[in-house]
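Containing compact mmCIF, C-alpha atoms: target.txt.
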# COMPACT_ATOMS: atom_id res chain seq x y z
CA MET A 1 2.44 2.31 17.52
CA ARG A 2 4.39 0.20 15.05
CA GLN A 3 3.80 -3.49 15.15
CA HIS A 4 6.27 -6.10 13.97
CA LYS A 5 4.07 -9.00 12.99
CA ASN A 6 4.78 -11.92 10.80
CA PHE A 7 1.73 -13.20 9.04
CA HIS A 8 1.09 -15.49 6.13
CA ALA A 9 -2.58 -14.93 5.43
CA ALA A 10 -3.08 -14.43 1.72
CA ALA A 11 -6.52 -13.09 2.58
CA LEU A 12 -4.88 -10.13 4.30
CA ILE A 13 -2.33 -8.85 1.81
CA GLY A 14 -1.71 -11.47 -0.80
CA ALA A 15 -3.35 -9.85 -3.79
CA CYS A 16 -0.34 -7.62 -4.31
CA LEU A 17 2.10 -7.98 -7.15
CA PHE A 18 5.42 -9.42 -6.02
CA GLY A 19 8.75 -7.60 -6.03
CA LEU A 20 12.28 -8.88 -6.08
CA SER A 21 14.31 -6.95 -3.54
CA ALA A 22 14.02 -4.91 -0.39
CA PRO A 23 14.68 -1.25 0.36
CA THR A 24 18.30 -0.13 0.44
CA GLY A 25 18.18 2.43 3.21
CA PRO A 26 16.36 5.53 4.39
CA ALA A 27 15.23 8.15 1.94
CA GLN A 28 13.14 11.26 2.25
CA ALA A 29 9.41 10.81 1.69
CA ASN A 30 8.00 12.16 -1.58
CA THR A 31 5.29 14.14 0.16
CA HIS A 32 3.71 17.32 -1.06
CA VAL A 33 1.09 19.28 0.84
CA VAL A 34 -1.61 20.27 -1.62
CA THR A 35 -4.98 22.01 -1.46
CA PHE A 36 -7.62 19.32 -1.09
CA ARG A 37 -11.22 20.38 -0.58
CA SER A 38 -13.53 17.50 0.22
CA SER A 39 -16.28 16.37 2.53
CA TYR A 40 -14.00 13.77 4.14
CA ASP A 41 -12.75 14.24 7.69
CA ALA A 42 -9.14 14.97 8.54
CA GLY A 43 -7.22 11.72 8.89
CA THR A 44 -9.00 10.03 5.98
CA ILE A 45 -6.96 8.43 3.20
CA VAL A 46 -8.37 9.16 -0.27
CA ILE A 47 -6.88 7.34 -3.25
CA SER A 48 -7.45 8.60 -6.78
CA MET A 49 -7.06 5.70 -9.19
CA SER A 50 -6.99 7.98 -12.24
CA GLN A 51 -4.38 10.32 -10.75
CA ARG A 52 -2.39 7.47 -9.15
CA LYS A 53 -2.15 9.55 -5.98
CA LEU A 54 -2.92 8.86 -2.34
CA TYR A 55 -4.06 11.81 -0.21
CA TYR A 56 -3.90 11.91 3.57
CA ILE A 57 -6.38 14.65 4.52
CA LEU A 58 -5.25 17.28 7.01
CA ASN A 59 -7.62 19.52 8.97
CA ASP A 60 -7.07 22.77 7.08
CA GLY A 61 -8.33 22.07 3.54
CA THR A 62 -5.06 20.48 2.58
CA ALA A 63 -3.71 16.97 2.21
CA ILE A 64 -0.38 15.22 2.00
CA GLN A 65 -0.10 13.78 -1.50
CA TYR A 66 1.91 10.63 -2.27
CA PRO A 67 2.48 8.98 -5.68
CA VAL A 68 1.22 5.36 -5.81
CA ALA A 69 0.72 2.39 -8.08
CA VAL A 70 -2.87 1.19 -8.25
CA ALA A 71 -4.59 -1.95 -9.49
CA LYS A 72 -4.12 -3.06 -13.04
CA PRO A 73 -7.21 -3.33 -15.26
CA GLY A 74 -9.57 -6.01 -14.03
CA LYS A 75 -8.26 -5.88 -10.44
CA GLU A 76 -9.71 -2.50 -9.44
CA TRP A 77 -11.95 -1.77 -6.50
CA LEU A 78 -13.87 1.36 -5.52
CA GLY A 79 -15.50 2.52 -2.33
CA SER A 80 -14.74 2.66 1.35
CA ALA A 81 -12.56 0.58 3.63
CA ARG A 82 -10.68 0.94 6.91
CA ILE A 83 -7.18 0.07 7.97
CA GLN A 84 -7.48 -3.28 9.71
CA GLY A 85 -3.84 -3.90 10.67
CA LYS A 86 -0.39 -2.33 10.59
CA TYR A 87 2.66 -4.51 10.03
CA PHE A 88 6.34 -3.69 9.97
CA HIS A 89 8.37 -5.98 7.67
CA PRO A 90 5.48 -8.45 7.17
CA ASP A 91 5.81 -11.94 5.77
CA TRP A 92 4.10 -12.46 2.41
CA THR A 93 2.26 -15.47 1.02
CA PRO A 94 1.35 -15.13 -2.65
CA PRO A 95 -2.36 -15.73 -3.24
CA ALA A 96 -3.52 -18.24 -5.83
CA VAL A 97 -3.97 -15.63 -8.59
CA VAL A 98 -0.43 -14.33 -8.18
CA LYS A 99 1.01 -17.85 -7.83
CA HIS A 100 -0.83 -18.85 -11.02
CA ASP A 101 0.69 -15.93 -12.93
CA HIS A 102 4.13 -16.45 -11.34
CA PRO A 103 4.47 -20.18 -10.53
CA GLY A 104 8.14 -19.87 -9.57
CA LEU A 105 7.35 -17.86 -6.46
CA PRO A 106 7.96 -19.54 -3.11
CA ASN A 107 4.94 -20.18 -0.89
CA LEU A 108 6.25 -17.77 1.76
CA ILE A 109 8.64 -14.83 1.66
CA LYS A 110 9.75 -13.75 5.13
CA GLY A 111 9.53 -10.13 6.18
CA GLY A 112 12.79 -8.28 5.69
CA SER A 113 13.84 -10.62 2.88
CA SER A 114 15.34 -9.00 -0.19
CA ARG A 115 12.57 -10.71 -2.20
CA ASN A 116 9.60 -9.56 -0.07
CA PRO A 117 7.19 -7.38 -2.09
CA MET A 118 5.62 -5.65 0.91
CA GLY A 119 8.65 -3.48 1.47
CA VAL A 120 9.17 -1.96 4.90
CA ALA A 121 5.53 -1.85 5.98
CA ALA A 122 1.98 -2.83 5.11
CA MET A 123 -1.39 -1.59 6.26
CA THR A 124 -4.07 -4.15 5.54
CA LEU A 125 -7.59 -3.06 4.73
CA ASP A 126 -10.87 -4.64 5.76
CA ARG A 127 -11.33 -5.77 2.15
CA ASP A 128 -10.27 -9.20 1.00
CA GLN A 129 -6.58 -9.32 0.06
CA ILE A 130 -5.96 -5.57 -0.12
CA ALA A 131 -3.19 -3.57 1.53
CA ILE A 132 -1.36 -0.28 1.26
CA HIS A 133 2.28 -1.31 1.26
CA GLY A 134 5.85 -0.48 0.30
CA THR A 135 7.80 -1.91 -2.59
CA SER A 136 11.25 -3.03 -3.61
CA PRO A 137 13.88 -1.02 -5.49
CA THR A 138 13.23 -3.08 -8.62
CA MET A 139 9.53 -2.20 -8.47
CA ARG A 140 9.98 1.55 -7.77
CA GLY A 141 9.38 2.26 -11.44
CA SER A 142 5.82 0.97 -11.12
CA ILE A 143 4.81 3.92 -8.92
CA GLY A 144 2.46 6.10 -10.94
CA THR A 145 1.14 3.15 -12.97
CA ARG A 146 -1.57 0.50 -12.86
CA ALA A 147 0.51 -2.46 -11.76
CA SER A 148 -0.90 -4.30 -8.72
CA TYR A 149 -3.39 -7.07 -8.09
CA GLY A 150 -5.55 -4.64 -6.10
CA CYS A 151 -3.17 -3.24 -3.51
CA ILE A 152 -1.89 0.30 -3.29
CA ARG A 153 1.87 0.27 -3.75
CA MET A 154 3.97 3.11 -2.32
CA LEU A 155 7.64 3.93 -2.21
CA ASN A 156 9.14 2.62 1.04
CA GLU A 157 9.98 6.10 2.29
CA ASP A 158 6.39 7.18 1.62
CA VAL A 159 4.73 4.15 3.24
CA SER A 160 6.97 4.70 6.29
CA ASP A 161 5.77 8.30 6.51
CA LEU A 162 2.10 7.36 6.13
CA PHE A 163 2.48 4.40 8.52
CA GLY A 164 3.44 6.81 11.30
CA ARG A 165 0.43 9.08 10.63
CA VAL A 166 -2.39 6.52 10.62
CA SER A 167 -3.88 4.03 13.03
CA VAL A 168 -6.03 0.94 12.85
CA GLY A 169 -9.52 2.12 11.94
CA THR A 170 -8.38 4.97 9.67
CA PRO A 171 -10.93 5.35 6.84
CA VAL A 172 -9.75 4.74 3.27
CA VAL A 173 -11.70 5.78 0.17
CA MET A 174 -10.86 4.60 -3.36
CA GLN A 175 -12.14 6.89 -6.09
CA PRO A 176 -12.06 6.38 -9.87
Output the file's structure as structure tokens, nothing else.
Amino acid sequence: MRQHKNFHAAALIGACLFGLSAPTGPAQANTHVVTFRSSYDAGTIVISMSQRKLYYILNDGTAIQYPVAVAKPGKEWLGSARIQGKYFHPDWTPPAVVKHDHPGLPNLIKGGSSRNPMGVAAMTLDRDQIAIHGTSPTMRGSIGTRASYGCIRMLNEDVSDLFGRVSVGTPVVMQP
């Protein structure tokens, strides 16, 4: 079920690099079903930092593969997490580290704003200040790079697709 929640907690999603504008309409997700043999259960999200890909594991030895932007050097994390919350057009409060690097940012950017970096949706993880979220058209070029403050950045059409497939509690694994 999609939730529309406004929230300001930097501890939930604030460690993400800001964007400047919002999505401009629906687009087809950039999904590819690929062979993916692993010991993880179906429904698990596996993120490969080196490949800059997110895999949503299916139950037949395959996975849906999405291109993503991952953390820039020094902001990486590895290991396991779970989806803690799902938010449609969330508000965003830049955390101190982002505000320090970009002092001109406002203290709050409302969900749905053309300046909100979360894009159309965000799924917060049970790790401090980490989310899987959309992006803005001006930040689309960062997909496939190391660009965030720890979050996993997806194209809006891709995060919308994944958002509908997962639930709170879904396991997430970050690999090198």
Item to check | Contact residues around A:Ile45 with only C-alpha atoms at 9 Å, ignoring same-chain residues under 2 positions, as a list of chain:residue names | outcome: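 Skipping anything fewer than 2 positions along the chain leaves A:Tyr40, A:Ala42, A:Gly43, A:Ile47, A:Leu54, A:Tyr55, A:Tyr56, A:Ile57, A:Val166, A:Thr170, A:Pro171, A:Val172, A:Val173, A:Met174.
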Same residues, C-alpha atoms, saved as a PDB file, keeping the file's coordinate frame:
ATOM      1  CA  TYR A  40     -14.000  13.770   4.140  1.00  0.00           C
ATOM      2  CA  ALA A  42      -9.140  14.970   8.540  1.00  0.00           C
ATOM      3  CA  GLY A  43      -7.220  11.720   8.890  1.00  0.00           C
ATOM      4  CA  ILE A  47      -6.880   7.340  -3.250  1.00  0.00           C
ATOM      5  CA  LEU A  54      -2.920   8.860  -2.340  1.00  0.00           C
ATOM      6  CA  TYR A  55      -4.060  11.810  -0.210  1.00  0.00           C
ATOM      7  CA  TYR A  56      -3.900  11.910   3.570  1.00  0.00           C
ATOM      8  CA  ILE A  57      -6.380  14.650   4.520  1.00  0.00           C
ATOM      9  CA  VAL A 166      -2.390   6.520  10.620  1.00  0.00           C
ATOM     10  CA  THR A 170      -8.380   4.970   9.670  1.00  0.00           C
ATOM     11  CA  PRO A 171     -10.930   5.350   6.840  1.00  0.00           C
ATOM     12  CA  VAL A 172      -9.750   4.740   3.270  1.00  0.00           C
ATOM     13  CA  VAL A 173     -11.700   5.780   0.170  1.00  0.00           C
ATOM     14  CA  MET A 174     -10.860   4.600  -3.360  1.00  0.00           C
TER      15      MET A 174
END
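As for atom CA of A:Asp161 and atom CA of A:Asn59, they are spaced 17.6 Å apart.
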Checklist entry - In Å to one decimal, how far is atom CA of A:Ala96 from atom CA of A:Ser160? => result 28.0 Å
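With atom CA of A:Gly134 on one side and atom CA of A:Lys75 on the other, the separation reads 18.5 Å.
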Checklist entry - Counting all atoms listed in the file, what is within 8 Å of stretch 34-38 of chain A, bar same-chain residues fewer than 2 positions away, as number ranges by chain? => result A: 32, 40, 57, 61-65
Checklist entry - Near A:Gly112, counting all atoms listed in the file, which residues have an atom at most 8 Å away, once you skip same-chain residues fewer than 3 positions from it, shown as a list in words? => result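 Non-adjacent residues within range: Ala22, His89, Pro90, Asp91, Asn116, Gly119 and Val120 of chain A.
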Item to check | For A:Gln28: contacts at 12 Å, only C-alpha atoms, fewer than 5 positions along chain excluded, given as a PyMOL selection string | outcome: chain A and resi 155-161
Checklist entry - So which one's closest to A:Ser136, A:Ser114, A:Thr44, A:Asn107, A:Gln175? Using only C-alpha atoms, please. => result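 Among A:Ser114, A:Thr44, A:Asn107, A:Gln175, it is A:Ser114 that comes nearest to A:Ser136.
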Checklist entry - Which residue gives the smallest distance to A:Ile152 among A:Pro103, A:Gly164, A:Pro117, A:Pro95, with all atoms listed in the file counted? => result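 Smallest separation from A:Ile152 among the options: A:Pro117.
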Next on the checklist: Let me make sure I understand: among A:Ala81, A:Met123, A:Ile109, A:Val70, which one has the smallest atom-to-atom distance to A:Tyr149 if we use only C-alpha atoms?
Outcome noted: A:Val70
Generate the missing atoms of stretch 84-117 of chain A up to N, CA and C atoms and report them as an mmCIF file, in the frame of the given file.
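rebuild_9.cif, freshly written:
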data_model
loop_
_atom_site.group_PDB
_atom_site.id
_atom_site.type_symbol
_atom_site.label_atom_id
_atom_site.label_comp_id
_atom_site.auth_asym_id
_atom_site.auth_seq_id
_atom_site.Cartn_x
_atom_site.Cartn_y
_atom_site.Cartn_z
ATOM 1 N N GLN A 84 -7.183 -2.187 8.779
ATOM 2 C CA GLN A 84 -7.480 -3.280 9.710
ATOM 3 C C GLN A 84 -6.254 -3.688 10.525
ATOM 4 N N GLY A 85 -5.066 -3.530 9.958
ATOM 5 C CA GLY A 85 -3.840 -3.900 10.670
ATOM 6 C C GLY A 85 -2.655 -3.136 10.123
ATOM 7 N N LYS A 86 -1.645 -2.990 10.970
ATOM 8 C CA LYS A 86 -0.390 -2.330 10.590
ATOM 9 C C LYS A 86 0.738 -3.301 10.885
ATOM 10 N N TYR A 87 1.609 -3.508 9.896
ATOM 11 C CA TYR A 87 2.660 -4.510 10.030
ATOM 12 C C TYR A 87 3.978 -3.965 9.517
ATOM 13 N N PHE A 88 5.000 -4.121 10.316
ATOM 14 C CA PHE A 88 6.340 -3.690 9.970
ATOM 15 C C PHE A 88 7.107 -4.920 9.488
ATOM 16 N N HIS A 89 7.675 -4.863 8.307
ATOM 17 C CA HIS A 89 8.370 -5.980 7.670
ATOM 18 C C HIS A 89 7.546 -7.276 7.709
ATOM 19 N N PRO A 90 6.338 -7.261 7.126
ATOM 20 C CA PRO A 90 5.480 -8.450 7.170
ATOM 21 C C PRO A 90 5.976 -9.576 6.271
ATOM 22 N N ASP A 91 5.647 -10.794 6.657
ATOM 23 C CA ASP A 91 5.810 -11.940 5.770
ATOM 24 C C ASP A 91 4.825 -11.789 4.631
ATOM 25 N N TRP A 92 5.038 -12.498 3.535
ATOM 26 C CA TRP A 92 4.100 -12.460 2.410
ATOM 27 C C TRP A 92 3.898 -13.851 1.846
ATOM 28 N N THR A 93 2.647 -14.226 1.674
ATOM 29 C CA THR A 93 2.260 -15.470 1.020
ATOM 30 C C THR A 93 1.518 -15.094 -0.248
ATOM 31 N N PRO A 94 2.049 -15.493 -1.416
ATOM 32 C CA PRO A 94 1.350 -15.130 -2.650
ATOM 33 C C PRO A 94 -0.002 -15.837 -2.744
ATOM 34 N N PRO A 95 -1.048 -15.103 -3.083
ATOM 35 C CA PRO A 95 -2.360 -15.730 -3.240
ATOM 36 C C PRO A 95 -2.375 -16.567 -4.536
ATOM 37 N N ALA A 96 -3.406 -17.332 -4.682
ATOM 38 C CA ALA A 96 -3.520 -18.240 -5.830
ATOM 39 C C ALA A 96 -3.390 -17.512 -7.167
ATOM 40 N N VAL A 97 -4.007 -16.342 -7.314
ATOM 41 C CA VAL A 97 -3.970 -15.630 -8.590
ATOM 42 C C VAL A 97 -2.554 -15.185 -8.936
ATOM 43 N N VAL A 98 -1.799 -14.746 -7.950
ATOM 44 C CA VAL A 98 -0.430 -14.330 -8.180
ATOM 45 C C VAL A 98 0.445 -15.554 -8.448
ATOM 46 N N LYS A 99 0.254 -16.599 -7.661
ATOM 47 C CA LYS A 99 1.010 -17.850 -7.830
ATOM 48 C C LYS A 99 0.753 -18.436 -9.212
ATOM 49 N N HIS A 100 -0.483 -18.359 -9.687
ATOM 50 C CA HIS A 100 -0.830 -18.850 -11.020
ATOM 51 C C HIS A 100 -0.055 -18.088 -12.093
ATOM 52 N N ASP A 101 -0.010 -16.760 -11.951
ATOM 53 C CA ASP A 101 0.690 -15.930 -12.930
ATOM 54 C C ASP A 101 2.204 -16.026 -12.811
ATOM 55 N N HIS A 102 2.697 -16.379 -11.612
ATOM 56 C CA HIS A 102 4.130 -16.450 -11.340
ATOM 57 C C HIS A 102 4.435 -17.732 -10.576
ATOM 58 N N PRO A 103 4.348 -18.892 -11.220
ATOM 59 C CA PRO A 103 4.470 -20.180 -10.530
ATOM 60 C C PRO A 103 5.810 -20.418 -9.848
ATOM 61 N N GLY A 104 6.831 -19.684 -10.197
ATOM 62 C CA GLY A 104 8.140 -19.870 -9.570
ATOM 63 C C GLY A 104 8.282 -19.232 -8.212
ATOM 64 N N LEU A 105 7.281 -18.499 -7.775
ATOM 65 C CA LEU A 105 7.350 -17.860 -6.460
ATOM 66 C C LEU A 105 7.325 -18.899 -5.348
ATOM 67 N N PRO A 106 8.074 -18.648 -4.263
ATOM 68 C CA PRO A 106 7.960 -19.540 -3.110
ATOM 69 C C PRO A 106 6.604 -19.344 -2.435
ATOM 70 N N ASN A 107 6.220 -20.281 -1.585
ATOM 71 C CA ASN A 107 4.940 -20.180 -0.890
ATOM 72 C C ASN A 107 4.942 -19.142 0.229
ATOM 73 N N LEU A 108 6.120 -18.772 0.690
ATOM 74 C CA LEU A 108 6.250 -17.770 1.760
ATOM 75 C C LEU A 108 7.538 -16.999 1.543
ATOM 76 N N ILE A 109 7.449 -15.678 1.666
ATOM 77 C CA ILE A 109 8.640 -14.830 1.660
ATOM 78 C C ILE A 109 8.635 -14.090 2.996
ATOM 79 N N LYS A 110 9.667 -14.330 3.787
ATOM 80 C CA LYS A 110 9.750 -13.750 5.130
ATOM 81 C C LYS A 110 9.914 -12.234 5.067
ATOM 82 N N GLY A 111 9.365 -11.565 6.053
ATOM 83 C CA GLY A 111 9.530 -10.130 6.180
ATOM 84 C C GLY A 111 10.996 -9.772 6.310
ATOM 85 N N GLY A 112 11.403 -8.692 5.661
ATOM 86 C CA GLY A 112 12.790 -8.280 5.690
ATOM 87 C C GLY A 112 13.650 -8.935 4.620
ATOM 88 N N SER A 113 13.099 -9.949 3.957
ATOM 89 C CA SER A 113 13.840 -10.620 2.880
ATOM 90 C C SER A 113 14.018 -9.675 1.707
ATOM 91 N N SER A 114 15.095 -9.831 0.995
ATOM 92 C CA SER A 114 15.340 -9.000 -0.190
ATOM 93 C C SER A 114 14.338 -9.291 -1.301
ATOM 94 N N ARG A 115 13.569 -10.368 -1.180
ATOM 95 C CA ARG A 115 12.570 -10.710 -2.200
ATOM 96 C C ARG A 115 11.144 -10.367 -1.765
ATOM 97 N N ASN A 116 10.950 -9.832 -0.578
ATOM 98 C CA ASN A 116 9.600 -9.560 -0.070
ATOM 99 C C ASN A 116 8.997 -8.333 -0.749
ATOM 100 N N PRO A 117 7.810 -8.482 -1.357
ATOM 101 C CA PRO A 117 7.190 -7.380 -2.090
ATOM 102 C C PRO A 117 6.487 -6.340 -1.226
#
